[in-house]
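*Asks:* To be precise about what I am sending: the file is called input11.pdb and holds PDB, C-alpha atoms.
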ATOM      1  CA  SER A 689      77.424-140.748 -61.328  1.00  0.00           C
ATOM      2  CA  SER A 690      73.780-140.454 -60.319  1.00  0.00           C
ATOM      3  CA  ASP A 691      71.725-137.317 -59.715  1.00  0.00           C
ATOM      4  CA  PRO A 692      72.125-136.289 -56.021  1.00  0.00           C
ATOM      5  CA  SER A 693      68.830-134.379 -55.981  1.00  0.00           C
ATOM      6  CA  SER A 694      66.700-137.484 -56.637  1.00  0.00           C
ATOM      7  CA  SER A 695      68.165-139.462 -53.710  1.00  0.00           C
ATOM      8  CA  THR A 696      67.967-136.373 -51.488  1.00  0.00           C
ATOM      9  CA  GLY A 697      64.299-135.933 -52.419  1.00  0.00           C
ATOM     10  CA  SER A 698      63.454-139.518 -51.566  1.00  0.00           C
ATOM     11  CA  LYS A 699      65.308-139.274 -48.241  1.00  0.00           C
ATOM     12  CA  PHE A 700      63.434-136.066 -47.438  1.00  0.00           C
ATOM     13  CA  ALA A 701      60.116-137.731 -48.264  1.00  0.00           C
ATOM     14  CA  SER A 702      61.097-140.647 -46.030  1.00  0.00           C
ATOM     15  CA  VAL A 703      61.869-138.301 -43.125  1.00  0.00           C
ATOM     16  CA  LEU A 704      58.567-136.482 -43.603  1.00  0.00           C
ATOM     17  CA  ASN A 705      56.693-139.791 -43.663  1.00  0.00           C
ATOM     18  CA  SER A 706      58.420-140.896 -40.447  1.00  0.00           C
ATOM     19  CA  ALA A 707      57.582-137.574 -38.780  1.00  0.00           C
ATOM     20  CA  LYS A 708      53.946-137.916 -39.848  1.00  0.00           C
ATOM     21  CA  LYS A 709      53.743-141.428 -38.396  1.00  0.00           C
ATOM     22  CA  PHE A 710      55.349-140.229 -35.157  1.00  0.00           C
ATOM     23  CA  ASN A 711      52.807-137.408 -34.902  1.00  0.00           C
ATOM     24  CA  GLU A 712      49.906-139.782 -35.564  1.00  0.00           C
ATOM     25  CA  LYS A 713      51.171-142.127 -32.867  1.00  0.00           C
ATOM     26  CA  HIS A 714      51.908-139.467 -30.229  1.00  0.00           C
ATOM     27  CA  GLN A 715      49.430-136.723 -31.279  1.00  0.00           C
ATOM     28  CA  ILE A 716      52.072-133.997 -30.988  1.00  0.00           C
ATOM     29  CA  LEU A 717      50.161-131.371 -33.013  1.00  0.00           C
ATOM     30  CA  GLU A 718      46.956-131.868 -31.046  1.00  0.00           C
ATOM     31  CA  LYS A 719      48.793-131.728 -27.713  1.00  0.00           C
ATOM     32  CA  THR A 720      50.617-128.557 -28.769  1.00  0.00           C
ATOM     33  CA  LYS A 721      47.373-126.850 -29.840  1.00  0.00           C
ATOM     34  CA  LYS A 722      45.696-127.825 -26.563  1.00  0.00           C
ATOM     35  CA  ALA A 723      48.656-126.561 -24.516  1.00  0.00           C
ATOM     36  CA  GLY A 724      48.529-123.239 -26.394  1.00  0.00           C
ATOM     37  CA  SER A 725      44.795-122.929 -25.772  1.00  0.00           C
ATOM     38  CA  ASP A 726      45.263-123.755 -22.076  1.00  0.00           C
ATOM     39  CA  ILE A 727      47.973-121.114 -21.711  1.00  0.00           C
ATOM     40  CA  ALA A 728      45.822-118.483 -23.438  1.00  0.00           C
ATOM     41  CA  ALA A 729      42.846-119.322 -21.212  1.00  0.00           C
ATOM     42  CA  LYS A 730      44.978-119.124 -18.052  1.00  0.00           C
ATOM     43  CA  ALA A 731      46.459-115.786 -19.162  1.00  0.00           C
ATOM     44  CA  LYS A 732      42.980-114.391 -19.794  1.00  0.00           C
ATOM     45  CA  GLU A 733      41.752-115.690 -16.420  1.00  0.00           C
ATOM     46  CA  PHE A 734      44.788-114.165 -14.657  1.00  0.00           C
ATOM     47  CA  ASP A 735      44.207-110.797 -16.371  1.00  0.00           C
ATOM     48  CA  GLU A 736      40.520-110.798 -15.441  1.00  0.00           C
ATOM     49  CA  LYS A 737      41.425-111.525 -11.808  1.00  0.00           C
ATOM     50  CA  HIS A 738      44.383-109.135 -11.476  1.00  0.00           C
ATOM     51  CA  HIS A 739      43.544-106.498 -14.139  1.00  0.00           C
ATOM     52  CA  VAL A 740      47.087-106.577 -15.580  1.00  0.00           C
ATOM     53  CA  VAL A 741      46.183-104.914 -18.881  1.00  0.00           C
ATOM     54  CA  GLU A 742      44.281-102.079 -17.196  1.00  0.00           C
ATOM     55  CA  LYS A 743      47.072-101.528 -14.643  1.00  0.00           C
ATOM     56  CA  THR A 744      49.676-101.465 -17.410  1.00  0.00           C
ATOM     57  CA  LYS A 745      47.689 -98.880 -19.379  1.00  0.00           C
ATOM     58  CA  ALA A 746      47.208 -96.787 -16.242  1.00  0.00           C
ATOM     59  CA  ALA A 747      50.905 -96.966 -15.356  1.00  0.00           C
ATOM     60  CA  GLY A 748      51.877 -95.925 -18.888  1.00  0.00           C
ATOM     61  CA  SER A 749      49.426 -93.043 -18.823  1.00  0.00           C
ATOM     62  CA  SER A 750      50.666 -91.967 -15.388  1.00  0.00           C
ATOM     63  CA  ALA A 751      54.300 -92.064 -16.545  1.00  0.00           C
ATOM     64  CA  ALA A 752      53.463 -89.932 -19.585  1.00  0.00           C
ATOM     65  CA  GLU A 753      51.652 -87.399 -17.381  1.00  0.00           C
ATOM     66  CA  LYS A 754      54.620 -87.214 -14.989  1.00  0.00           C
ATOM     67  CA  ALA A 755      57.083 -86.777 -17.879  1.00  0.00           C
ATOM     68  CA  LYS A 756      54.939 -83.962 -19.310  1.00  0.00           C
ATOM     69  CA  ALA A 757      54.691 -82.217 -15.906  1.00  0.00           C
ATOM     70  CA  PHE A 758      58.451 -82.591 -15.352  1.00  0.00           C
ATOM     71  CA  ASN A 759      59.172 -81.085 -18.770  1.00  0.00           C
ATOM     72  CA  GLU A 760      56.792 -78.163 -18.138  1.00  0.00           C
ATOM     73  CA  LYS A 761      58.465 -77.467 -14.789  1.00  0.00           C
ATOM     74  CA  HIS A 762      62.093 -77.859 -15.913  1.00  0.00           C
ATOM     75  CA  GLN A 763      61.767 -77.073 -19.652  1.00  0.00           C
ATOM     76  CA  VAL A 764      63.932 -80.044 -20.657  1.00  0.00           C
ATOM     77  CA  VAL A 765      62.885 -80.012 -24.314  1.00  0.00           C
ATOM     78  CA  GLU A 766      63.539 -76.302 -24.766  1.00  0.00           C
ATOM     79  CA  LYS A 767      66.900 -76.491 -22.975  1.00  0.00           C
ATOM     80  CA  THR A 768      67.940 -79.457 -25.129  1.00  0.00           C
ATOM     81  CA  LYS A 769      66.998 -77.589 -28.326  1.00  0.00           C
ATOM     82  CA  ALA A 770      68.902 -74.514 -27.141  1.00  0.00           C
ATOM     83  CA  ALA A 771      71.993 -76.562 -26.273  1.00  0.00           C
ATOM     84  CA  GLY A 772      71.930 -78.226 -29.684  1.00  0.00           C
ATOM     85  CA  SER A 773      71.530 -74.918 -31.468  1.00  0.00           C
ATOM     86  CA  SER A 774      74.364 -73.450 -29.425  1.00  0.00           C
ATOM     87  CA  ALA A 775      76.639 -76.370 -30.303  1.00  0.00           C
ATOM     88  CA  VAL A 776      75.940 -75.897 -34.026  1.00  0.00           C
ATOM     89  CA  GLU A 777      76.686 -72.166 -33.771  1.00  0.00           C
ATOM     90  CA  LYS A 778      79.942 -72.769 -31.889  1.00  0.00           C
ATOM     91  CA  THR A 779      80.993 -75.326 -34.496  1.00  0.00           C
ATOM     92  CA  LYS A 780      80.341 -72.812 -37.287  1.00  0.00           C
ATOM     93  CA  GLU A 781      82.289 -70.116 -35.433  1.00  0.00           C
ATOM     94  CA  PHE A 782      85.210 -72.484 -34.816  1.00  0.00           C
ATOM     95  CA  ASN A 783      85.292 -73.465 -38.486  1.00  0.00           C
ATOM     96  CA  GLU A 784      85.164 -69.803 -39.631  1.00  0.00           C
ATOM     97  CA  LYS A 785      87.980 -68.888 -37.253  1.00  0.00           C
ATOM     98  CA  HIS A 786      90.256 -71.871 -37.942  1.00  0.00           C
ATOM     99  CA  LYS A 787      89.166 -72.782 -41.531  1.00  0.00           C
ATOM    100  CA  VAL A 788      88.931 -76.507 -40.655  1.00  0.00           C
ATOM    101  CA  VAL A 789      86.843 -77.467 -43.707  1.00  0.00           C
ATOM    102  CA  GLU A 790      89.097 -75.612 -46.155  1.00  0.00           C
ATOM    103  CA  LYS A 791      92.257 -77.038 -44.602  1.00  0.00           C
ATOM    104  CA  THR A 792      90.821 -80.565 -44.735  1.00  0.00           C
ATOM    105  CA  LYS A 793      89.916 -80.158 -48.420  1.00  0.00           C
ATOM    106  CA  ALA A 794      93.374 -78.761 -49.184  1.00  0.00           C
ATOM    107  CA  ALA A 795      95.088 -81.621 -47.353  1.00  0.00           C
ATOM    108  CA  GLY A 796      92.984 -84.143 -49.282  1.00  0.00           C
ATOM    109  CA  SER A 797      93.808 -82.519 -52.627  1.00  0.00           C
ATOM    110  CA  SER A 798      97.481 -82.406 -51.717  1.00  0.00           C
ATOM    111  CA  ALA A 799      97.470 -86.097 -50.796  1.00  0.00           C
ATOM    112  CA  VAL A 800      95.845 -87.019 -54.124  1.00  0.00           C
ATOM    113  CA  GLU A 801      98.361 -84.887 -56.036  1.00  0.00           C
ATOM    114  CA  LYS A 802     101.342 -86.397 -54.200  1.00  0.00           C
ATOM    115  CA  THR A 803      99.996 -89.899 -54.858  1.00  0.00           C
ATOM    116  CA  LYS A 804      99.753 -89.109 -58.582  1.00  0.00           C
ATOM    117  CA  GLU A 805     103.308 -87.728 -58.590  1.00  0.00           C
ATOM    118  CA  PHE A 806     104.635 -90.786 -56.741  1.00  0.00           C
ATOM    119  CA  ASN A 807     102.899 -93.094 -59.226  1.00  0.00           C
ATOM    120  CA  GLU A 808     104.255 -91.166 -62.229  1.00  0.00           C
ATOM    121  CA  LYS A 809     107.775 -91.263 -60.797  1.00  0.00           C
ATOM    122  CA  HIS A 810     107.762 -94.922 -59.714  1.00  0.00           C
ATOM    123  CA  GLN A 811     105.131 -96.348 -62.128  1.00  0.00           C
ATOM    124  CA  VAL A 812     103.420 -98.323 -59.322  1.00  0.00           C
ATOM    125  CA  VAL A 813     100.173 -98.923 -61.220  1.00  0.00           C
ATOM    126  CA  GLU A 814     101.917-100.111 -64.379  1.00  0.00           C
ATOM    127  CA  LYS A 815     104.287-102.396 -62.465  1.00  0.00           C
ATOM    128  CA  THR A 816     101.360-103.880 -60.515  1.00  0.00           C
ATOM    129  CA  LYS A 817      99.450-104.554 -63.741  1.00  0.00           C
ATOM    130  CA  ALA A 818     102.526-106.179 -65.306  1.00  0.00           C
ATOM    131  CA  ALA A 819     103.148-108.363 -62.255  1.00  0.00           C
ATOM    132  CA  SER A 820      99.498-109.431 -62.198  1.00  0.00           C
ATOM    133  CA  SER A 821      99.558-110.266 -65.901  1.00  0.00           C
ATOM    134  CA  SER A 822     102.797-112.210 -65.471  1.00  0.00           C
ATOM    135  CA  ALA A 823     101.308-114.203 -62.577  1.00  0.00           C
ATOM    136  CA  ALA A 824      98.237-115.064 -64.664  1.00  0.00           C
ATOM    137  CA  VAL A 825     100.439-116.258 -67.553  1.00  0.00           C
ATOM    138  CA  LYS A 826     102.569-118.384 -65.191  1.00  0.00           C
ATOM    139  CA  ALA A 827      99.443-119.894 -63.590  1.00  0.00           C
ATOM    140  CA  LYS A 828      98.159-120.815 -67.046  1.00  0.00           C
ATOM    141  CA  GLU A 829     101.519-122.374 -67.969  1.00  0.00           C
ATOM    142  CA  VAL A 830     101.571-124.416 -64.734  1.00  0.00           C
ATOM    143  CA  ASN A 831      98.046-125.639 -65.404  1.00  0.00           C
ATOM    144  CA  GLU A 832      98.895-126.599 -68.997  1.00  0.00           C
ATOM    145  CA  THR A 833     102.027-128.435 -67.862  1.00  0.00           C
ATOM    146  CA  HIS A 834     100.601-130.176 -64.791  1.00  0.00           C
ATOM    147  CA  LYS A 835      96.854-130.325 -65.660  1.00  0.00           C
ATOM    148  CA  VAL A 836      95.921-128.912 -62.218  1.00  0.00           C
ATOM    149  CA  VAL A 837      92.344-128.017 -63.182  1.00  0.00           C
ATOM    150  CA  ASP A 838      91.658-131.427 -64.729  1.00  0.00           C
ATOM    151  CA  LYS A 839      93.163-133.245 -61.738  1.00  0.00           C
ATOM    152  CA  THR A 840      91.033-131.179 -59.360  1.00  0.00           C
ATOM    153  CA  LYS A 841      87.880-131.952 -61.352  1.00  0.00           C
ATOM    154  CA  ASN A 842      88.753-135.660 -61.402  1.00  0.00           C
ATOM    155  CA  ALA A 843      89.405-135.704 -57.653  1.00  0.00           C
ATOM    156  CA  ALA A 844      86.026-134.036 -56.980  1.00  0.00           C
ATOM    157  CA  ALA A 845      84.230-136.503 -59.264  1.00  0.00           C
ATOM    158  CA  SER A 846      86.002-139.421 -57.562  1.00  0.00           C
ATOM    159  CA  ALA A 847      84.972-138.114 -54.124  1.00  0.00           C
ATOM    160  CA  TRP A 848      81.363-137.744 -55.282  1.00  0.00           C
ATOM    161  CA  ASN A 849      81.365-141.292 -56.670  1.00  0.00           C
ATOM    162  CA  GLY A 850      82.758-142.543 -53.352  1.00  0.00           C
ATOM    163  CA  ILE A 851      79.927-140.812 -51.477  1.00  0.00           C
ATOM    164  CA  GLN A 852      77.361-142.303 -53.841  1.00  0.00           C
ATOM    165  CA  GLY A 853      78.925-145.730 -53.350  1.00  0.00           C
ATOM    166  CA  GLY A 854      78.673-145.337 -49.577  1.00  0.00           C
ATOM    167  CA  VAL A 855      75.008-144.367 -49.835  1.00  0.00           C
ATOM    168  CA  GLY A 856      74.341-147.370 -52.046  1.00  0.00           C
ATOM    169  CA  PHE A 857      76.111-149.637 -49.542  1.00  0.00           C
ATOM    170  CA  LEU A 858      73.939-148.285 -46.693  1.00  0.00           C
ATOM    171  CA  GLN A 859      70.789-148.737 -48.764  1.00  0.00           C
ATOM    172  CA  LYS A 860      71.711-152.390 -49.384  1.00  0.00           C
ATOM    173  CA  LYS A 861      72.355-152.883 -45.638  1.00  0.00           C
ATOM    174  CA  ILE A 862      68.953-151.403 -44.860  1.00  0.00           C
ATOM    175  CA  GLN A 863      67.287-153.632 -47.416  1.00  0.00           C
ATOM    176  CA  LYS A 864      69.050-156.703 -45.977  1.00  0.00           C
ATOM    177  CA  LYS A 865      67.941-155.713 -42.466  1.00  0.00           C
ATOM    178  CA  GLY A 866      64.364-155.516 -43.741  1.00  0.00           C
ATOM    179  CA  ASP A 867      64.689-158.935 -45.358  1.00  0.00           C
ATOM    180  CA  THR A 868      65.908-160.487 -42.081  1.00  0.00           C
ATOM    181  CA  THR A 869      63.140-158.869 -39.984  1.00  0.00           C
ATOM    182  CA  GLY A 870      60.269-160.345 -41.946  1.00  0.00           C
ATOM    183  CA  GLY A 871      59.778-157.392 -44.272  1.00  0.00           C
ATOM    184  CA  LYS A 872      59.608-154.705 -41.538  1.00  0.00           C
ATOM    185  CA  THR A 873      62.034-151.906 -42.483  1.00  0.00           C
ATOM    186  CA  THR A 874      63.117-148.768 -40.700  1.00  0.00           C
ATOM    187  CA  ASP A 875      64.956-145.759 -42.046  1.00  0.00           C
ATOM    188  CA  VAL A 876      68.554-145.331 -40.907  1.00  0.00           C
ATOM    189  CA  GLY A 877      68.754-142.486 -38.437  1.00  0.00           C
ATOM    190  CA  HIS A 878      64.979-142.356 -38.021  1.00  0.00           C
ATOM    191  CA  ASP A 879      64.377-145.262 -35.633  1.00  0.00           C
ATOM    192  CA  GLU A 880      63.199-142.777 -33.010  1.00  0.00           C
ATOM    193  CA  PHE A 881      60.149-142.008 -35.161  1.00  0.00           C
ATOM    194  CA  SER A 882      58.836-145.574 -35.168  1.00  0.00           C
TER     195      SER A 882
END
If you took the structure in this file and wrote it as structure tokens, what would it be?

*Replies:*
Amino acid sequence: SSDPSSSTGSKFASVLNSAKKFNEKHQILEKTKKAGSDIAAKAKEFDEKHHVVEKTKAAGSSAAEKAKAFNEKHQVVEKTKAAGSSAVEKTKEFNEKHKVVEKTKAAGSSAVEKTKEFNEKHQVVEKTKAASSSAAVKAKEVNETHKVVDKTKNAAASAWNGIQGGVGFLQKKIQKKGDTTGGKTTDVGHDEFS
């Protein structure tokens, strides 16, 4: 089988060449640059006429002033801090009264201990390891008997060779098309660039 990267590289170079020719013919890059310049000039002209930037700055400044005045009048920041502090204090008091943290830790420790006891009694971990080991041995035996890995590799190689054969067939068709058109060739899938 041939190296797929070399044919991919040549196809990529062919696409780039077609794109370059298309750009040269239709001047896409130049038109795009000009359109960008035109848009920037129109935006600048619009701003100079309507003072959008200045109005935006003024509106932002005005909003900040109003927010500051509102806060000074209603003391929003201070009330928010006080409410947060109060919530923390109430949480601490609740925990001290009901021992939530200690009970949660104890429940977690108890769960871990019961899990250990259950495992010791029923040997879950050991049985799982044994079953896993047994499955691995059986998989190896099946592979040795039926050559599953080798068959899979061969099927993949056969598929790759089939793809390469198809590419070679298309390349021959393209070459024949070029021979029948007086030497003028086009890339398959890239006719829109010519």

*Asks:* Find the nearest atom pair between each residue of segment 696-733 of chain A and segment 738-747 of chain A for residues within 10 Å, count only C-alpha atoms, give distances in Å to one decimal, sort rows by chain and ascending number, and present the table as JSON lines.

*Replies:*
{"residue": "A:Ala731", "atom": "CA", "partner": "A:Val740", "partner_atom": "CA", "distance": 9.9}
{"residue": "A:Lys732", "atom": "CA", "partner": "A:His739", "partner_atom": "CA", "distance": 9.7}
{"residue": "A:Glu733", "atom": "CA", "partner": "A:His738", "partner_atom": "CA", "distance": 8.6}

*Asks:* Please indicate the distance in Å from atom CA of Glu790 of chain A to atom CA of Ala770 of chain A, rounded to one decimal place.

*Replies:*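 Answer for the atom CA of Glu790 of chain A to atom CA of Ala770 of chain A separation: 27.8 Å.
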
*Asks:* Quick one: axis-aligned box around all listed atoms of segment 742-761 of chain A, 8 Å on every side, centre and edge lengths in Å to one decimal, written as lines of an AutoDock Vina configuration file.

*Replies:*
center_x = 51.7
center_y = -89.8
center_z = -17.1
size_x = 30.9
size_y = 40.6
size_z = 20.9

*Asks:* What separation in Å, quoted to one decimal, exists between atom CA of Ala771 of chain A and atom CA of Ala751 of chain A?

*Replies:* 25.5 Å

*Asks:* How many Å separate atom CA of Ala755 of chain A from atom CA of Ala775 of chain A?

*Replies:*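 Here the two named atoms are 25.4 Å from each other.
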